[in-house]
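Novice: Take a look at this one; I'll ask things after.
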Amino acid sequence: MSKTDDDGTGRVGDEGRARQADDGNVPIAEGVDHQVAMVMDLNKCIGCQTCTIACKTNWTESGGREYMYWNNVETKPGAGYPRDWEELGGGWDEEGQERTPGELPDEEAYGRPWEFNHEAIMYEGSDEPLRPLENADWGPNWDEDEGAGEYPNSYYFYLPRICNHCTHPSCVEACPRSAIYKREEDGIVLVDQDRCRGYRYCVEGCPYKKVFYNAQTKTSEKCIFCYPRIEGEGPEGEVRPPSCAEDCPPQLRHVGFLDDEDGPIHALVNEYEVALRLHPEYRTEPNVYYIPPYAPPQTGEDGETVDADRIPLNYLEELFGPRVEEALNTITRERERAERGEESELMEILSTVNNDDQYRLEVFDDAA
Amino acid sequence: MTDTTDATDEQTRDDVAAARRDFLKGVGAAAAVGATGLGSAQDLTEMNALEVVDDPIGDYPYRDWEDLYREEWDWDDTARSTHSVNCTGSCSWQVYTRNGQVWREEQAGDYPRFDESLPDPNPRGCQKGACFTDYVNADHRVTHPLRRTGERGEGKWERISWDEALTEIADEVVDAVEDEEYDAISGFTPIPAMSPVSFASGSRLINLLGGVSHSFYDWYSDLPPGQPITWGTQTENAESADWYNADYIIAWGSNINVTRIPDAKYFLEAGYDGAKRVGIFTDYSQTAIHCDEWIGPEPGTDTALALGMARTIVDEGLYDEDHLKEQTDMPLLVREDTGKFLRASEVAGLSVDADRPEKVFVMQDADGGLRAAPGSLGERDGQHDASASIALDFDPDLAAERTVDTDDGSVETRSVWLNLRDELSAYTPERVHELTGVGEFTHRKIAREFADADRAKIIHGKGVNDWYHNDLGNRAIQLLVTLTGNLGRQGTGLDHYVGQEKIWTYEGWQTLSFPTGSVRGVPTTLWTYYHAGIMENTDPETADRIRESVEKGWMPLYPSERDDGSRPDPRVMFVWRGNYFNQAKGNVAVEEELWPKLDLVVDVNFRMDSTALNSDIVLPTASHYEKHDLSETDMHTYVHPFTPAVEPLGEAKTDWEIFRALAEKIQEVAEERDAGPVDDRKFDRQIDLQSVHDDYVRDWETGEADALAEDRAAAEFILENSEETNPSDTTERIEFDDIDEQPRRLLATGDHWTSDIEDGEAYTPWKDYVQDKEPWPTFTGRQQYYIDHDWFLELGEELPTHKESPVLQEKSEYPLSYNTPHSRWSIHSTWRDDTKMLRLQRGEPTVYLNPDDAEERGIEDGDTVRVYNDLDSVEVQAKIYPSGEPGTARHFFSWERFQYPDRNNFNSLVPMYMKPTQLVRYPEDSGEHLHFFPNYWGPTGVNSDVRVEVEAVEDGAESLAGGVGGGEGSDGDADETANGADGSASGPLDRVTDLLGGGDR
């Protein structure tokens, strides 16, 4: 992949822009050799939750994990999962030195894994309707498709979330037993299931609320970036991307290493700067990045399309920080190139026409 | 609570289920052990001796535990399978097994690419397919034959043996045939493409019995009647990969991102390839959010919007004149006095080289001479004739208007084009805005952009097809691609993806399903509504036209009328692979009128859906991971298989094995009773029950006995006997082993397609006509926008036109439009009751309300509400949906009856509608253009022309833990409210009568 902009591809050159690191070195956590990363293209997320189900059937079917969604997809604007997680604190202060206090979500905020009365209705002559056997007044996707605004200028989009496997993880710092760690070879953040005693400081400390307490095992658990898959474990010995990515029907996720400078993640994050962190102000330095969403323009009172942003920019800035407008402009500019029939490397990366770059996992000898 | 199932039965079923449960819980158990270490005593020790970690970032020394998750990522074997649901997905999956049980599934992801310039076709699948394992292992799965002991629907059963079940059914079947009521035996199973062997299993037996095979595509209102009307073809679409070839795409009432999850990628990525994507949806839908422009017309006004756009294209001269002259009926002359096409036989002195000049049409050339229109029906053989041509050797005048000397004297004539221009002139920007709410400038801008694009395409969906006037809406929207010449090339066309109307391997499937070749097919809308009492419950004009259509033989109805003028009731009904009872529009009437007429309802199912629950005998069938079959869809051009990952659970058998065993039992009973052959009253054949099993397993193509005893052999039969997989002009072929290895792209197309499969190109239809200039299979041999059938003329529908929807409920009383779209959480009713899916919804049926409508009624999000009209009342949970247009109650469809406190459902609010223009034969005398053929031409069962009101319920049935106990008096409550609403004290059936009989239509 070219590093200059004189090839006519529209790539913004390195010169004249602040790179995150000098000499081509991408900053990753000290002590970690390489950092796995994911870019999710929100313009391809259709809220189908295939990722959610794929993750669940792999990892959280039973054994106290039933209520957990290591991967969830939430409608934004919305309360999300767990409910109102963005208001529960955690992360780091402005200097990134001190952890800021966080709260534990209560059980209701996650929603309970309802069981149902199928057999009573189908085989035992019950005249009740099929219903959850316990209170059902909140769940992990309760406010699906709701969003905000008023018809016809309402707006919503889907936000898939996993653990960010942060460079500066506040969950790691929060654990008094040092039972959470970042793997040396790939930066995956894991909760040591032998060492953890379920104090839940990590649950409080994670501002994304992506560590979950397992009441059955009395430990906390979280997304493991499907390390057995990326390590090529399993009978076939094949290296496979995390199941949330590989199973995604529109293939909206790129998986690879942030420090793989020939990879699409580096291009999207550091070169085109169209892939942004969710809530960068939490200062945990997530390694999951998002291509922010654009939306059709608004409709005026007389039923005419009017040239006005449907999703308020300040809302997107709340989520993705101050660089979101520039990222959207870059995407618009590149789409216009494609429309004119010109080459656009960015559009090619975001599509699956040439999908060799969707997953780049076997690039370093010393990584998973 | 079980008063009819004895302890042993329950024990067995529980044992089976428990075995799978325990296996599944094994995962968790392992996790528990690993996670808690070695037990509490050692915990303490370890606590005391906790090793210090210097820096958990990178340098963490205690990583042996990581094997915990590695061990969970393990399996013994995989098998390739898919899901037999009518979703058009046809996604190939790998099913993982562990300890002899299904563990999980993952998209196989190995469809071969055929065009490197298109997005990768992999992976295909969605969240529902990703958890089908839950059904395979479900506690509530049907695991042995059941006979009803309570009322239908009550859920009280006794376990019976296979022999008992089959004997009881066989006795009833033999009785019916001996009574010469074989045409009172019905078989309902939809959509062959999703699993043709399973489709054929019962259809083959029904065919041998002389029974009735039901249509489904028209019944579900998936059929767009405008396609047979205008293009003479059932439905023809590009495969979804072709979306990416378009420069401009309008998604019109087709919520791709919800209903076409595996295909959405092509739409989403087309945006990165420079295509503009416009969404036309009444709500700011899940697809609208990813469009470049969203147009939100008022519900039911799409026809006016399309005609307004057509007017812009015509007025501004943006149309493709050559296309219109060669490919359409626009230059044909129409008589002003009769409204009929001018026929060559009527024109004095016009010499025509055709056998039937009365079916040859007339154009005027540029010099003012009258010319016979090439390709007219009168000069070709039957519906489609590849040896004829519509190529022109003269330049027709689109705007012809002249007097013609005929045998009747001189008559005034005008071209269809001028007639169309007159019609379009009514759709001024102001009027279109008034009708649709769409801006005067915006709809014209979209029309211009569409016309200017090199390759423009419309993806057309159920949102615009569920209306009474769906034929008019189709024709208006089709007009846009015709006017602009966007047909017969990559990246163009009107793709209507709703249901899977046809199957690539048509010939093999057809001969397997209907070996006698004499098929008693019936339009299910007519059959259902007739037997549910529509003749007494519709306006007199509609009743008269239904009667006329049946009497003239335009539409068949079974059981057929007997010599004495009587018509028996239907008697036996088999349902498999579908949920007829739940999905029936006119649901109240179906339950009250039709269902009691059936002496025996047999449901073949792996799960207890609403039809199973309302059946007399339920037979346990193999799940999708327990059988051999094929899978196809018109969304792609591949074929791939089902193969068994595990044996059928409990006593379940495959569909093929079940119907084969039933055939065997029928033969046995017939032999015992010495039941002789019966002459079929319609076809030249005898129904011989003493050979029915021998006939079932015989390969009728080769005559080989016992060749088709197994489902896999039946799958091979289909592949061997189809042009798509065994082309006549090459030695290349596709066999079952090939597709078990990897999905294969089809090799050719049979006669039921309009283009070839070409290497390196996505399938796009209509090339036979547009590029090869074969006549379209219509009366005129052209795309036909003018229909001169008497009924069309009488109803003012000879050209596409906007008409008001014939809604039966007064807006003042029922202010909300009732819309029942497809949800992302189910494929029809499958997965509607799935625990994993329900947890990601609200656990129960919901109605989406605009916040203003809710507030006006004092309804808050999460409240239990009653949605009602004069027909019925359903109790559901309110969900506030700011993106829903004010004035609409949106109740995603297909919830099972047992999910409502009153055991009614989303269809209980929908009356029986049947539109006369969909009952015709055309031409009336010979019907080549339009004649009844199952799933091709027949009345559609529509459901959008309905209004309702919504009100909060004081003590709704919430979750069971809330102490509600759904049954608690809710039946009575619902009735009272509904009665209160329409001011009468009538029972449910009376309400049907009220609704349908009012005579104010």
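The way I read the labels, and the way they are meant: chains A, B, ... in the order of the structure tokens, residue 1 as the first residue of every chain, and ligand 1 as the first ligand shown, with later ones counted on from there.
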Hey, what's within 10 Å of Arg200 in chain A if we count only C-alpha atoms and toss same-chain stuff fewer than 6 positions away? As a list in words, please?
Specialist: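 What passes the distance filter is Leu104, Cys171, Ala174, Cys175, Pro176, Val211, Phe212, Tyr213, Asn214, Lys218, Thr219 and Ser220 of chain A.
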Novice: With only C-alpha atoms as the counted atoms, please give the residues lying no more than 9 Å from Ile57 in chain B, apart from itself and same-chain residues fewer than 6 positions off, as a PyMOL selection string.
Specialist: chain A and resi 29-32+167-169+172+180-184+187+189
Novice: Using the selection just defined, write its residues with C-alpha atoms as an mmCIF file, in the first residue's frame.
Specialist:
```cif
data_model
loop_
_atom_site.group_PDB
_atom_site.id
_atom_site.type_symbol
_atom_site.label_atom_id
_atom_site.label_comp_id
_atom_site.auth_asym_id
_atom_site.auth_seq_id
_atom_site.Cartn_x
_atom_site.Cartn_y
_atom_site.Cartn_z
ATOM 1 C CA ALA A 29 0.937 0.028 24.981
ATOM 2 C CA GLU A 30 4.389 -0.233 26.419
ATOM 3 C CA GLY A 31 5.277 -3.842 27.111
ATOM 4 C CA VAL A 32 3.061 -5.122 24.338
ATOM 5 C CA THR A 167 -4.063 0.581 25.142
ATOM 6 C CA HIS A 168 -4.565 2.267 28.514
ATOM 7 C CA PRO A 169 -7.150 -0.021 30.091
ATOM 8 C CA VAL A 172 -6.521 -3.527 34.417
ATOM 9 C CA ILE A 180 -6.587 -8.578 34.405
ATOM 10 C CA TYR A 181 -3.785 -8.288 31.948
ATOM 11 C CA LYS A 182 -2.874 -7.361 28.417
ATOM 12 C CA ARG A 183 -1.256 -10.112 26.444
ATOM 13 C CA GLU A 184 2.271 -9.376 25.407
ATOM 14 C CA GLY A 187 -2.539 -6.729 23.427
ATOM 15 C CA VAL A 189 -7.077 -7.827 27.501
#
```
Novice: For chain A, list the residues within 6 Å of chain B, counting only C-alpha atoms, and write the list as a PyMOL selection string.
Specialist: chain A and resi 31-32+46+49-50+53+62-63+119+122-125+127-136+141+146+150-151+154+181-184+193-194+217+228+234+249-250+295-296+302-304+335+338-339+347+351-353
Novice: I need the residues from that last selection saved to file as a PDB file, in the first residue's frame (with C-alpha atoms), if you can.
Specialist:
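Output saved as selection17.pdb:
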```pdb
ATOM      1  CA  GLY A  31       5.277  -3.842  27.111  1.00  0.00           C
ATOM      2  CA  VAL A  32       3.061  -5.122  24.338  1.00  0.00           C
ATOM      3  CA  ILE A  46     -27.815  -2.892   9.629  1.00  0.00           C
ATOM      4  CA  GLN A  49     -27.145  -8.729  15.410  1.00  0.00           C
ATOM      5  CA  THR A  50     -25.609 -11.700  13.655  1.00  0.00           C
ATOM      6  CA  ILE A  53     -25.626 -14.231  18.188  1.00  0.00           C
ATOM      7  CA  SER A  62     -24.652 -20.905  29.747  1.00  0.00           C
ATOM      8  CA  GLY A  63     -22.843 -21.252  33.033  1.00  0.00           C
ATOM      9  CA  GLU A 119     -43.973 -26.356  27.104  1.00  0.00           C
ATOM     10  CA  MET A 122     -47.697 -26.361  23.640  1.00  0.00           C
ATOM     11  CA  TYR A 123     -48.066 -29.577  25.567  1.00  0.00           C
ATOM     12  CA  GLU A 124     -49.782 -28.921  28.870  1.00  0.00           C
ATOM     13  CA  GLY A 125     -52.931 -27.112  27.852  1.00  0.00           C
ATOM     14  CA  ASP A 127     -54.191 -20.935  28.071  1.00  0.00           C
ATOM     15  CA  GLU A 128     -51.622 -18.279  28.901  1.00  0.00           C
ATOM     16  CA  PRO A 129     -49.712 -16.509  26.162  1.00  0.00           C
ATOM     17  CA  LEU A 130     -46.058 -17.253  25.548  1.00  0.00           C
ATOM     18  CA  ARG A 131     -44.291 -14.892  27.917  1.00  0.00           C
ATOM     19  CA  PRO A 132     -41.044 -14.452  29.836  1.00  0.00           C
ATOM     20  CA  LEU A 133     -41.266 -16.290  33.133  1.00  0.00           C
ATOM     21  CA  GLU A 134     -39.958 -13.251  34.971  1.00  0.00           C
ATOM     22  CA  ASN A 135     -40.344  -9.518  34.772  1.00  0.00           C
ATOM     23  CA  ALA A 136     -39.516  -8.237  31.361  1.00  0.00           C
ATOM     24  CA  ASN A 141     -31.956  -4.259  22.815  1.00  0.00           C
ATOM     25  CA  GLU A 146     -35.959   4.306  18.543  1.00  0.00           C
ATOM     26  CA  GLU A 150     -39.171  13.901  15.243  1.00  0.00           C
ATOM     27  CA  TYR A 151     -40.649  12.427  12.107  1.00  0.00           C
ATOM     28  CA  SER A 154     -35.820  11.487  13.257  1.00  0.00           C
ATOM     29  CA  TYR A 181      -3.785  -8.288  31.948  1.00  0.00           C
ATOM     30  CA  LYS A 182      -2.874  -7.361  28.417  1.00  0.00           C
ATOM     31  CA  ARG A 183      -1.256 -10.112  26.444  1.00  0.00           C
ATOM     32  CA  GLU A 184       2.271  -9.376  25.407  1.00  0.00           C
ATOM     33  CA  GLN A 193     -10.379 -16.837  35.462  1.00  0.00           C
ATOM     34  CA  ASP A 194      -8.237 -18.578  38.049  1.00  0.00           C
ATOM     35  CA  THR A 217     -18.462 -18.723  38.787  1.00  0.00           C
ATOM     36  CA  PRO A 228      -8.658 -19.327  20.293  1.00  0.00           C
ATOM     37  CA  GLY A 234      -9.640 -25.878  17.102  1.00  0.00           C
ATOM     38  CA  PRO A 249     -23.230 -10.399   6.759  1.00  0.00           C
ATOM     39  CA  PRO A 250     -22.211  -6.971   5.382  1.00  0.00           C
ATOM     40  CA  ALA A 295     -27.442   9.732   6.794  1.00  0.00           C
ATOM     41  CA  PRO A 296     -29.837  11.051   4.169  1.00  0.00           C
ATOM     42  CA  ASP A 302     -43.409  20.735   2.221  1.00  0.00           C
ATOM     43  CA  GLY A 303     -42.004  17.251   1.672  1.00  0.00           C
ATOM     44  CA  GLU A 304     -38.891  18.531  -0.068  1.00  0.00           C
ATOM     45  CA  ARG A 335     -17.545   8.873  -2.503  1.00  0.00           C
ATOM     46  CA  ALA A 338     -16.085   7.078  -6.997  1.00  0.00           C
ATOM     47  CA  GLU A 339     -19.225   8.617  -8.421  1.00  0.00           C
ATOM     48  CA  MET A 347     -13.707   3.269  -0.997  1.00  0.00           C
ATOM     49  CA  SER A 351     -15.806  -2.467   0.191  1.00  0.00           C
ATOM     50  CA  THR A 352     -15.347  -6.199  -0.065  1.00  0.00           C
ATOM     51  CA  VAL A 353     -14.671  -6.269  -3.800  1.00  0.00           C
TER      52      VAL A 353
END
```
Novice: Using DSSP on the backbone coordinates, identify all residues within range 235-361 of chain A classified as strand (DSSP E or B); present the result as a PyMOL selection string.
Specialist: chain A and resi 253-257+276-277+288-291+298-299+305-306+359
